[in-house]
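The structure appears right after this line, and notes come after that.
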Amino acid sequence: MDDYLEAFVREGEEHVTNLNNALLELESDPGNEEAMDEIFRTAHTLKGNFGAMGFEGASDLAHAVEDLLDEMRQGELEVTADRMDRIFEGIDAIEACLDEIEANGEVQRDVTDTIESVRAVLDEAAAEAEADAAASDDEDTAAGFDPLSVVDEATVADVDAGVYHVRVDMSDSEMKGVDGMFVLEAATESFDLLGADPEPDAINDGEFEDGFDLVVATEMTDVKATVESFPKLTGASVTEVTDFDGATDEEDGEDADDTVDTDDATDATPDADESAPASDDGSGDDESAVQSTDTEIQSVRVDVDQLDELHGLVEQLVTTRIKLRRGVEDSERQVLDELDELDKITSSLQDTVMDMRLVPMKKIVGKFPRLVRDLAREQDKQIDFVVEGDDVELDRTILTEISDPLMHLLRNAVDHGIEPPEVREANGKDPEGTITLSAERDRDRVLIQVEDDGAGIDHETMREKAVEKGVKSREEVEEMPDGEVEDLVFHPGFSTNEEVTDVSGRGVGMDVVRDTVTRLDGSVSVSSVPGEGTTFTMTLPVTVAIVKVLFVESGGEEYGIPIKTVDEISRMKPVKTVDGEEVITYDETVYPLVRLGGALNVPGETKNGDGMLVRIRDSERQVAIHCDDVRGQEEVVVKPFEGILSGIPGLSGAAVLGEGDVVTILDVATL
């Protein structure tokens with residue numbers, strides 16, 4: 001795909017995301033003029049861009065969506081959920097067109113059916129408007145008709161029956177005299193004809209415009225049904241006459257503006273392209289990254305491949321810096337000074353590249369409001385989706401990887417968490433549930449939470465399922481605290497859903513969420529209060545690849561421990577044994593002891609009384625690691641293990657040092 005097409009697709013994807021979110025705002029607040037203007041401008045821009053690139057089918061589809069939105073913007077169409085479904089259908093098809101353009105350089109799908117579906121909303125609205133207009137005309141005519149113009153008051157006073165005004169519509173008649181005669185004869189046979197305008201002779205001669213008026217008397221209870229049976233008429237309205245000053249009352253138990261229409265309303269519907277012309281004010285085409293020649297350009301687009309190449313070069317530079325420093329540590333002071341200057345330069349370059357790779361959460365969060373909206377409609381649930389902190393930035397790689405886990409957590413919140421409106425009301429809760437997706441930066445980590453105010457986790461049901469599926473024994477689950485029971489949701493194949501749905505409940509997904517987050521050097525946890533809701537919390541690093549590690553030695557081998565996991569370094573302390581396990585005491589807090597040599601089967605580790613202790617942060621794992629020596633710290637490029645080496649407990653990856661030596665980076669959580 002060439003550069004221009006690539007830029008077109010990327011811009012189109014941004015427009016689709018913005019359009020989806022603005023449409024959701026409009027659906028929740030139909031009077032939001034700002035959202036409506038933004039929607040119309042974006043749709044207009046999409047239409048123009050597709051047309052300029054030669055994708056006519058996609059342009060026609062965007063045009064149909066634009067026309068429908070224009071009718072809503074002009075107040076001609078009410079914003080309803082069903083109409084929004086049609087618009088979203090069109091937006092999904094536009095997004096599919098962009099996917100095909102990215103994959104094949106062209107649009108291969110036929111979007112005709114989608115265009116017709118969107119246009120049908122306009123056709124239906126036009127038919128309704130025409131019917132309403134006809135009814136209004138009939139009502140105006142009926143209201144303006146004076147019975148005294150065709151029958152005197154004394155005649156009506158002698159009638160011992162109901163008196164009705166029948167407005168006959170003959171606008172579609174091609175032989176007015178003949179058709180009028182048939183209607184007049186039917187009226188004379190069915191009712192007592194008191195008067196007509198124009199006179200009966202004029203009606204028989206076809207001397208009327210679009211119809212005529214009759215005043216009849218009858219004891220019938222359903223005058224309207226009788227009029228409906230008359231031949232040749234296009235339509236009619238029936239109004240009971242209660243006085244002679246133009247006032248009318250209810251028509252035969254029906255509203256006064258009811259009309260009889262014998263033709264298919266769609267036959268008279270004008271072409272949608274003519275009835276809803278597209279606005280061509282160019283409001284969307286004037287948008288530009290640079291508004292004037294005096295404006296300084298604040299940002300540029302960077303190709304992802306170029307960014308990755310630059311990042312790779314920085315990794316090599318960092319590795320070379322490590323080799324250089326180790327190679328000249330015993331050299332003259334001037335060389336070390338030059339090396340310090342190289343440190344500053346590479347550090348600045350490293351920070352710049354890392355910042356370039358940081359992407360705001362909104363890049364992936366933007367598609368989630370639409371996801372929640374569609375799932376809620378499928379399940380007849382009312383959900384308010386709230387996003388907080390979507391400006392928090394993460395490395396592009398991490399952000400890409402967590403998109404699917406976040407999507408699954410949201411699906412789970414809709415399906416398992418939020419109850420149906422009637423259930424929530426029965427439990428004294430607002431029928432509309434709330435799901436909140438939030439992100440917060442904490443130094444070099446980002447906390448992402450998916451919180452719902454739904455039913456929460458039923459701990460007893462979880463215990464029963466754990467026993468039923470053979471995950472835990474009856475004795476084990478009885479002894480487990482609620483926090484550990486909640487953690488069972490991450491066990492492979494574990495689900496409490498009685499039925500499999502299209503959203504979740506297949507027993508897969510939550511284990512994948514944990515595996516993905518763990519692979520990114522992060523963690524995920526869950527907490528829940530029955531009846532009040534559930535919160536999933538992911539903790540992730542801001543950046544990847546280049547990390548600062550503490551070098552330790554055990555049995556002559558060197559290892560790296562990520563500095564962010566280290567809380568304290570100290571000399572070896574007295575070892576105690578509790579329940580057969582070695583422990584170390586720090587300020588009256590007991591920490592299990594892990595001997596690095598023993599955990600990794602390294603021979604020759606220092607025995608008790610010698611060596612060093614590295615205490616790990618409690619947030620990572622409450623443990624102290626014993627090693628022979630601590631050698632210092634350094635920033636390194638970490639390459640995760642792949643293939644058969646991936647997933648080995650205690651190991652996360654490797655880094656290249658000095659003369660090309662490779663050091664293993666430890667995973668303290670699984671060591």
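If you're wondering about the labels, chains in the structure tokens are A, B, ... by order shown, residues count from 1 in each chain, ligands from 1 in order shown.
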Within 8 Å of Leu409 of chain A using only C-alpha atoms, minus same-chain residues under 6 positions, as a list in words: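 These residues fall inside the cut-off: Val450, Met510 and Phe536 of chain A.
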Residue selection dump (N, CA and C atoms) as a PDB file, in the first residue's frame:
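Just written: result-v8.pdb:
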ATOM      1  N   VAL A 450     -11.493  -1.720  35.155  1.00  0.00           N
ATOM      2  CA  VAL A 450     -12.830  -1.877  34.583  1.00  0.00           C
ATOM      3  C   VAL A 450     -13.756  -2.204  35.744  1.00  0.00           C
ATOM      4  N   MET A 510     -10.650 -15.094  30.376  1.00  0.00           N
ATOM      5  CA  MET A 510     -10.042 -14.490  31.552  1.00  0.00           C
ATOM      6  C   MET A 510      -8.619 -15.005  31.781  1.00  0.00           C
ATOM      7  N   PHE A 536     -11.968  -5.022  38.003  1.00  0.00           N
ATOM      8  CA  PHE A 536     -10.752  -5.669  37.519  1.00  0.00           C
ATOM      9  C   PHE A 536      -9.681  -4.589  37.386  1.00  0.00           C
TER      10      PHE A 536
END
Report the closest atom pair, with its distance in Å rounded to one decimal, for each residue of segment 49-149 of chain A that has an atom no farther than 9 Å from segment 39-44 of chain A; count only C-alpha atoms, sort by chain and then rising residue number, and write it as CSV.
residue,atom,partner,partner_atom,distance
A:Asn49,CA,A:His44,CA,8.7
A:Ala62,CA,A:Ala43,CA,6.3
A:His63,CA,A:His44,CA,7.4
A:Val65,CA,A:Ala43,CA,7.1
A:Glu66,CA,A:Ala43,CA,5.5
A:Leu69,CA,A:Phe40,CA,6.3
A:Asp70,CA,A:Phe40,CA,6.8
A:Arg73,CA,A:Phe40,CA,8.0
Please save C-alpha atoms of the selected residues as a PDB file, in the first residue's frame.
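Saved to result.pdb:
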ATOM      1  CA  ASN A  49     -12.298  11.611   0.886  1.00  0.00           C
ATOM      2  CA  ALA A  62     -21.060   7.847   3.236  1.00  0.00           C
ATOM      3  CA  HIS A  63     -23.341  10.131   1.192  1.00  0.00           C
ATOM      4  CA  VAL A  65     -25.332   8.390   5.926  1.00  0.00           C
ATOM      5  CA  GLU A  66     -24.682  12.109   5.473  1.00  0.00           C
ATOM      6  CA  LEU A  69     -27.774  12.832   9.411  1.00  0.00           C
ATOM      7  CA  ASP A  70     -28.656  16.062   7.622  1.00  0.00           C
ATOM      8  CA  ARG A  73     -29.684  17.992  11.949  1.00  0.00           C
TER       9      ARG A  73
END
Neighbour list for Val215 of chain A as a VMD selection string, cut-off 9 Å, only C-alpha atoms, skip fewer than 6 positions in-chain: chain A and resid 147 150 to 151 163 to 167 192 to 197 241
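Interatomic distance, atom CA of Arg424 of chain A to atom CA of Leu24 of chain A: 23.4 Å.
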Picked from segment 413-659 of chain A by DSSP as strand (DSSP E or B), as an NGL selection string: :A and (432-442 or 445-452 or 523-529 or 533-541 or 546-554 or 557-562 or 566-571 or 576-578 or 581-586 or 589-595 or 612-616 or 624-627 or 629-637 or 639-640 or 651-657)
Contact residues around segment 357-366 of chain A with only C-alpha atoms at 9 Å, ignoring same-chain residues under 6 positions, as a list in words: Glu14, Thr17, Asn18, Asn20, Asn21, Leu307, Asp308, His311, Val387, Gly389, Asp390, Asp391, Val392, Glu393, Leu394, Asp395, Arg396, Thr397, Leu399, Thr400, Ser403, Leu406, Leu437, Ala439, Val542 and Thr543 of chain A
Kindly save the residues from that selection, with N, CA and C atoms included, as a PDB file, in the first residue's frame.
ATOM      1  N   GLU A  14      -9.596   7.195  12.019  1.00  0.00           N
ATOM      2  CA  GLU A  14      -9.821   8.212  13.064  1.00  0.00           C
ATOM      3  C   GLU A  14     -11.211   8.826  12.917  1.00  0.00           C
ATOM      4  N   THR A  17     -13.860   6.346  14.250  1.00  0.00           N
ATOM      5  CA  THR A  17     -13.889   6.318  15.718  1.00  0.00           C
ATOM      6  C   THR A  17     -14.573   7.560  16.272  1.00  0.00           C
ATOM      7  N   ASN A  18     -14.196   8.726  15.752  1.00  0.00           N
ATOM      8  CA  ASN A  18     -14.820   9.966  16.210  1.00  0.00           C
ATOM      9  C   ASN A  18     -16.311   9.977  15.909  1.00  0.00           C
ATOM     10  N   ASN A  20     -18.359   7.342  15.584  1.00  0.00           N
ATOM     11  CA  ASN A  20     -19.050   6.426  16.493  1.00  0.00           C
ATOM     12  C   ASN A  20     -19.311   7.066  17.846  1.00  0.00           C
ATOM     13  N   ASN A  21     -18.290   7.711  18.397  1.00  0.00           N
ATOM     14  CA  ASN A  21     -18.435   8.290  19.730  1.00  0.00           C
ATOM     15  C   ASN A  21     -19.361   9.496  19.741  1.00  0.00           C
ATOM     16  N   LEU A 307       9.551   4.208  13.001  1.00  0.00           N
ATOM     17  CA  LEU A 307       9.644   4.342  14.451  1.00  0.00           C
ATOM     18  C   LEU A 307      10.267   3.091  15.061  1.00  0.00           C
ATOM     19  N   ASP A 308       9.840   1.916  14.576  1.00  0.00           N
ATOM     20  CA  ASP A 308      10.414   0.668  15.088  1.00  0.00           C
ATOM     21  C   ASP A 308      11.891   0.555  14.747  1.00  0.00           C
ATOM     22  N   HIS A 311      13.745   2.780  17.064  1.00  0.00           N
ATOM     23  CA  HIS A 311      13.774   2.155  18.382  1.00  0.00           C
ATOM     24  C   HIS A 311      14.824   1.051  18.431  1.00  0.00           C
ATOM     25  N   VAL A 387     -15.722   6.760  30.664  1.00  0.00           N
ATOM     26  CA  VAL A 387     -14.285   6.615  30.423  1.00  0.00           C
ATOM     27  C   VAL A 387     -13.550   7.749  31.135  1.00  0.00           C
ATOM     28  N   GLY A 389      -9.504   9.186  32.205  1.00  0.00           N
ATOM     29  CA  GLY A 389      -8.060   9.049  32.044  1.00  0.00           C
ATOM     30  C   GLY A 389      -7.625   8.503  30.705  1.00  0.00           C
ATOM     31  N   ASP A 390      -8.419   8.736  29.653  1.00  0.00           N
ATOM     32  CA  ASP A 390      -8.036   8.181  28.351  1.00  0.00           C
ATOM     33  C   ASP A 390      -6.886   8.946  27.711  1.00  0.00           C
ATOM     34  N   ASP A 391      -6.379   9.999  28.388  1.00  0.00           N
ATOM     35  CA  ASP A 391      -5.206  10.713  27.890  1.00  0.00           C
ATOM     36  C   ASP A 391      -3.908  10.142  28.456  1.00  0.00           C
ATOM     37  N   VAL A 392      -4.016   9.152  29.354  1.00  0.00           N
ATOM     38  CA  VAL A 392      -2.822   8.486  29.891  1.00  0.00           C
ATOM     39  C   VAL A 392      -2.122   7.741  28.761  1.00  0.00           C
ATOM     40  N   GLU A 393      -0.785   7.852  28.714  1.00  0.00           N
ATOM     41  CA  GLU A 393      -0.026   7.278  27.600  1.00  0.00           C
ATOM     42  C   GLU A 393       0.668   5.984  27.985  1.00  0.00           C
ATOM     43  N   LEU A 394       0.742   5.090  26.995  1.00  0.00           N
ATOM     44  CA  LEU A 394       1.421   3.809  27.143  1.00  0.00           C
ATOM     45  C   LEU A 394       2.229   3.531  25.888  1.00  0.00           C
ATOM     46  N   ASP A 395       3.221   2.663  26.020  1.00  0.00           N
ATOM     47  CA  ASP A 395       3.978   2.253  24.840  1.00  0.00           C
ATOM     48  C   ASP A 395       3.039   1.626  23.816  1.00  0.00           C
ATOM     49  N   ARG A 396       3.315   1.928  22.534  1.00  0.00           N
ATOM     50  CA  ARG A 396       2.444   1.454  21.458  1.00  0.00           C
ATOM     51  C   ARG A 396       2.274  -0.063  21.484  1.00  0.00           C
ATOM     52  N   THR A 397       3.356  -0.777  21.765  1.00  0.00           N
ATOM     53  CA  THR A 397       3.287  -2.242  21.801  1.00  0.00           C
ATOM     54  C   THR A 397       2.352  -2.725  22.894  1.00  0.00           C
ATOM     55  N   LEU A 399      -0.061  -1.019  24.347  1.00  0.00           N
ATOM     56  CA  LEU A 399      -1.424  -0.596  24.054  1.00  0.00           C
ATOM     57  C   LEU A 399      -2.090  -1.537  23.050  1.00  0.00           C
ATOM     58  N   THR A 400      -1.328  -1.959  22.055  1.00  0.00           N
ATOM     59  CA  THR A 400      -1.865  -2.891  21.059  1.00  0.00           C
ATOM     60  C   THR A 400      -2.220  -4.228  21.706  1.00  0.00           C
ATOM     61  N   SER A 403      -5.516  -4.326  24.011  1.00  0.00           N
ATOM     62  CA  SER A 403      -6.809  -3.989  23.417  1.00  0.00           C
ATOM     63  C   SER A 403      -7.805  -5.128  23.566  1.00  0.00           C
ATOM     64  N   LEU A 406      -8.842  -5.826  27.309  1.00  0.00           N
ATOM     65  CA  LEU A 406      -9.794  -4.821  27.771  1.00  0.00           C
ATOM     66  C   LEU A 406     -11.176  -5.064  27.180  1.00  0.00           C
ATOM     67  N   LEU A 437     -14.425   2.643  32.777  1.00  0.00           N
ATOM     68  CA  LEU A 437     -13.071   2.284  32.363  1.00  0.00           C
ATOM     69  C   LEU A 437     -12.168   3.465  32.695  1.00  0.00           C
ATOM     70  N   ALA A 439      -8.012   4.955  33.694  1.00  0.00           N
ATOM     71  CA  ALA A 439      -6.563   4.743  33.628  1.00  0.00           C
ATOM     72  C   ALA A 439      -5.870   5.825  34.444  1.00  0.00           C
ATOM     73  N   VAL A 542       4.822   1.454  31.682  1.00  0.00           N
ATOM     74  CA  VAL A 542       4.586   2.481  30.668  1.00  0.00           C
ATOM     75  C   VAL A 542       5.324   2.144  29.384  1.00  0.00           C
ATOM     76  N   THR A 543       6.568   1.641  29.528  1.00  0.00           N
ATOM     77  CA  THR A 543       7.376   1.296  28.364  1.00  0.00           C
ATOM     78  C   THR A 543       7.896  -0.122  28.488  1.00  0.00           C
TER      79      THR A 543
END
